[in-house]
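Report on one structure; see the data block that follows.
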Amino acid sequence: MTKILVTGATGNIGRKTLQQLLKRKPAGDLIGLARDPGKAADLAAEGIEIRQGDYLDYTTLVRAFSGVEKVMLVSATAFTDRDTQHDNVIKAAREAGVRHIVFMPVIRKEDSDFILPQVTEQDVFAVERIKASGLDYTFVCHPPFLENIALYLGGDILENGVHAPAGEGKAGFASRDDLAEAHAVVLTQAGHENKTYLLHGDPAVSLADVAQIVSGISGKPVPYVAGPDQDFIGRLRAAGLPAPAADFILAWVRGINAGEWDGASGDLEKLLGRKPVTAAQYLRADDGQRQA
């Protein structure tokens, strides 16, 4: 019996990955790691074992990984000590006898000089540590989430239009559900050892493209208004975001505008065995939910 453990079981990606795994494996083969197991009661009700563990508490990790063959390392939150947290997971996995670790860094183009603060450098550190660990690994590299598009567009799009820093770059946004399903495929199939997958959505779209898509869906003209960074930051602050969060979103938008995530590897489609949800499909469904 192959035991699969997913860290961050109470977060979006961790929970969705476990839900996708339930479609492929018996609940008795699955384990979720949570700092507070009580917040994963819904998963426990499905028969998934929830073990307590904290990235910053090495002893709890070694204990939680006992008897586990594969670990899905859900990235630690930005603006925390990500290096220590990821390193603890990697070392504990090795000490506990885990054979295969799956990690989800953000996609980074080869030889790119783009840096996403509190993300890029820590991802590179974790990848290097995993490769040096002797564990089998799979890197399932993420693009920006479709669910975050509204954040990148400066507020209420239908009322205000798309206000963003100028740029013509595109991004292959992907939904958390599709990414979680790809994780589940990698975790339950053989042949993914020591491989790297770039999970771009398809087609890639620019922020101006998104304005056109929303115009078509709503039947209402939605202008794309390119402006300076400070105007964008001002809109986010006015919407109630603290300065560090607004700066972080701006960094993502700069990456989008620079084309950092505009690739088309086809890896996500291959793993899913179908076309991933497109930006247009996601925005159409989101519009339908608002009107319901």
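By convention in this document, the chains of the structure tokens carry letters A, B, ... by their order, each chain's residues are numbered from 1, and ligands are numbered from 1 in the order they are shown.
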
**Item:** Non-local contacts of Ala40 in chain A (8 Å; only C-alpha atoms; under 3 positions in same chain excluded) as a VMD selection string
**Value:** chain A and resid 9 to 10 34 36 to 37 43 to 44 50

Would you output that residue set with N, CA and C atoms, as a compact mmCIF listing (two decimals), in the first residue's frame?
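Output contents, as saved in part23.txt:
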# COMPACT_ATOMS: atom_id res chain seq x y z
N ALA A 9 -2.82 20.77 4.10
CA ALA A 9 -4.11 20.17 3.79
C ALA A 9 -5.29 21.12 3.97
N THR A 10 -5.11 22.18 4.76
CA THR A 10 -6.22 23.10 5.00
C THR A 10 -6.21 24.30 4.05
N ALA A 34 -1.54 18.99 8.58
CA ALA A 34 -2.12 20.28 8.95
C ALA A 34 -1.56 20.73 10.29
N ASP A 36 -3.29 22.60 12.24
CA ASP A 36 -4.46 22.43 13.08
C ASP A 36 -5.39 21.41 12.42
N PRO A 37 -5.28 20.13 12.80
CA PRO A 37 -6.10 19.10 12.16
C PRO A 37 -7.60 19.36 12.23
N LEU A 43 -12.06 16.72 5.32
CA LEU A 43 -11.24 15.69 4.71
C LEU A 43 -11.24 14.42 5.57
N ALA A 44 -11.16 14.62 6.88
CA ALA A 44 -11.21 13.47 7.78
C ALA A 44 -12.53 12.73 7.63
N ILE A 50 -5.61 12.67 8.96
CA ILE A 50 -5.00 13.99 9.10
C ILE A 50 -3.98 13.93 10.22

**Prompt:** Which residues, written as a list of chain:residue names, have at least one atom at most 9 Å from Asp54 in chain A, with only C-alpha atoms counted and residues fewer than 2 positions away on the same chain left out?
**Reply:**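 Near Asp54 in chain A, the qualifying residues are A:Leu33, A:Ala34, A:Arg35, A:Asp36, A:Gln52, A:Leu56, A:Asp57, A:Tyr58, A:Thr59, A:Thr60, A:Leu61, A:Gln85.
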
**Request:** Would you list the contacts of range 139-149 of chain A as a VMD selection string, taking every protein, DNA or RNA residue within 6 Å and counting only C-alpha atoms, but skipping same-chain residues closer than 3 positions in sequence?
**Result:** chain A and resid 102 to 107 152 173 to 175 196 to 200

**Item:** Gap from CA of Glu181 in chain A to CA of Ile4 in chain A - Å, one decimal
**Value:** 14.6 Å

**Asked** Can you list, as JSON, numbers by chain, every protein, DNA or RNA residue that comes within 12 Å of Ala251 in chain A when you count only C-alpha atoms, leaving out same-chain residues fewer than 2 positions away?
**Response** {"A": [114, 115, 116, 117, 118, 119, 120, 144, 151, 152, 164, 165, 229, 232, 233, 244, 245, 246, 247, 248, 249, 253, 254, 255, 256, 257, 258, 260]}

Can you write just those residues out, C-alpha atoms, as a short mmCIF file (atom, residue, chain, number, x, y, z; two decimals), in the first residue's frame?
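Contents of the output file selection.cif:
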data_model
loop_
_atom_site.label_atom_id
_atom_site.label_comp_id
_atom_site.auth_asym_id
_atom_site.auth_seq_id
_atom_site.Cartn_x
_atom_site.Cartn_y
_atom_site.Cartn_z
CA PHE A 114 12.82 38.17 -13.30
CA ILE A 115 12.52 37.95 -9.53
CA LEU A 116 9.21 37.62 -7.74
CA PRO A 117 9.95 38.89 -4.22
CA GLN A 118 9.80 36.26 -1.49
CA VAL A 119 9.03 33.56 -4.06
CA THR A 120 11.56 33.09 -6.85
CA PRO A 144 -0.43 32.55 -12.01
CA LEU A 151 -6.45 41.01 -8.21
CA TYR A 152 -4.27 41.69 -11.24
CA ALA A 164 -3.14 48.03 -14.83
CA PRO A 165 0.44 49.00 -15.52
CA ASP A 229 2.54 51.64 -11.26
CA PHE A 232 -2.31 50.74 -9.76
CA ILE A 233 -0.95 50.61 -6.22
CA PRO A 244 3.03 44.89 1.19
CA ALA A 245 0.14 43.00 -0.43
CA ALA A 246 -0.32 45.70 -3.08
CA ASP A 247 3.40 45.65 -3.88
CA PHE A 248 3.30 41.85 -4.16
CA ILE A 249 0.41 41.98 -6.63
CA VAL A 253 1.59 42.02 -12.87
CA ARG A 254 5.10 43.02 -13.89
CA GLY A 255 5.86 39.36 -14.52
CA ILE A 256 2.72 38.98 -16.61
CA ASN A 257 3.54 42.08 -18.63
CA ALA A 258 7.09 40.81 -19.15
CA GLU A 260 7.36 35.49 -17.80
#

Considering only C-alpha atoms, return as an mmCIF file with N, CA and C atoms, in the first residue's frame whatever protein or nucleic-acid residues lie within 12 Å of Lys23 in chain A, sequence-local ones (same chain, fewer than 5 positions apart) excluded.
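As a result, result03.cif now contains:
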data_model
loop_
_atom_site.group_PDB
_atom_site.id
_atom_site.type_symbol
_atom_site.label_atom_id
_atom_site.label_comp_id
_atom_site.auth_asym_id
_atom_site.auth_seq_id
_atom_site.Cartn_x
_atom_site.Cartn_y
_atom_site.Cartn_z
ATOM 1 N N LYS A 16 -7.518 20.788 -2.370
ATOM 2 C CA LYS A 16 -7.968 20.377 -3.702
ATOM 3 C C LYS A 16 -7.180 19.172 -4.217
ATOM 4 N N THR A 17 -5.882 19.122 -3.901
ATOM 5 C CA THR A 17 -5.087 17.972 -4.324
ATOM 6 C C THR A 17 -5.587 16.697 -3.657
ATOM 7 N N LEU A 18 -5.881 16.759 -2.377
ATOM 8 C CA LEU A 18 -6.415 15.591 -1.682
ATOM 9 C C LEU A 18 -7.782 15.196 -2.240
ATOM 10 N N ASP A 29 -5.291 5.322 1.744
ATOM 11 C CA ASP A 29 -3.927 5.517 1.230
ATOM 12 C C ASP A 29 -3.472 6.965 1.345
ATOM 13 N N LEU A 30 -4.359 7.840 1.814
ATOM 14 C CA LEU A 30 -4.087 9.273 1.762
ATOM 15 C C LEU A 30 -3.947 9.871 3.159
ATOM 16 N N GLU A 46 -14.071 12.238 5.011
ATOM 17 C CA GLU A 46 -13.974 11.421 3.795
ATOM 18 C C GLU A 46 -13.106 10.188 4.007
ATOM 19 N N ALA A 180 -4.403 21.079 -9.229
ATOM 20 C CA ALA A 180 -4.547 20.028 -8.223
ATOM 21 C C ALA A 180 -4.756 18.665 -8.879
ATOM 22 N N GLU A 181 -5.513 18.630 -9.963
ATOM 23 C CA GLU A 181 -5.713 17.372 -10.673
ATOM 24 C C GLU A 181 -4.406 16.874 -11.266
ATOM 25 N N ALA A 184 -2.425 15.248 -8.611
ATOM 26 C CA ALA A 184 -2.940 13.917 -8.284
ATOM 27 C C ALA A 184 -2.489 12.883 -9.314
ATOM 28 N N VAL A 185 -2.441 13.280 -10.573
ATOM 29 C CA VAL A 185 -1.956 12.376 -11.618
ATOM 30 C C VAL A 185 -0.506 11.996 -11.358
ATOM 31 N N THR A 188 -0.046 9.579 -8.406
ATOM 32 C CA THR A 188 -0.647 8.241 -8.475
ATOM 33 C C THR A 188 -0.189 7.425 -9.677
#
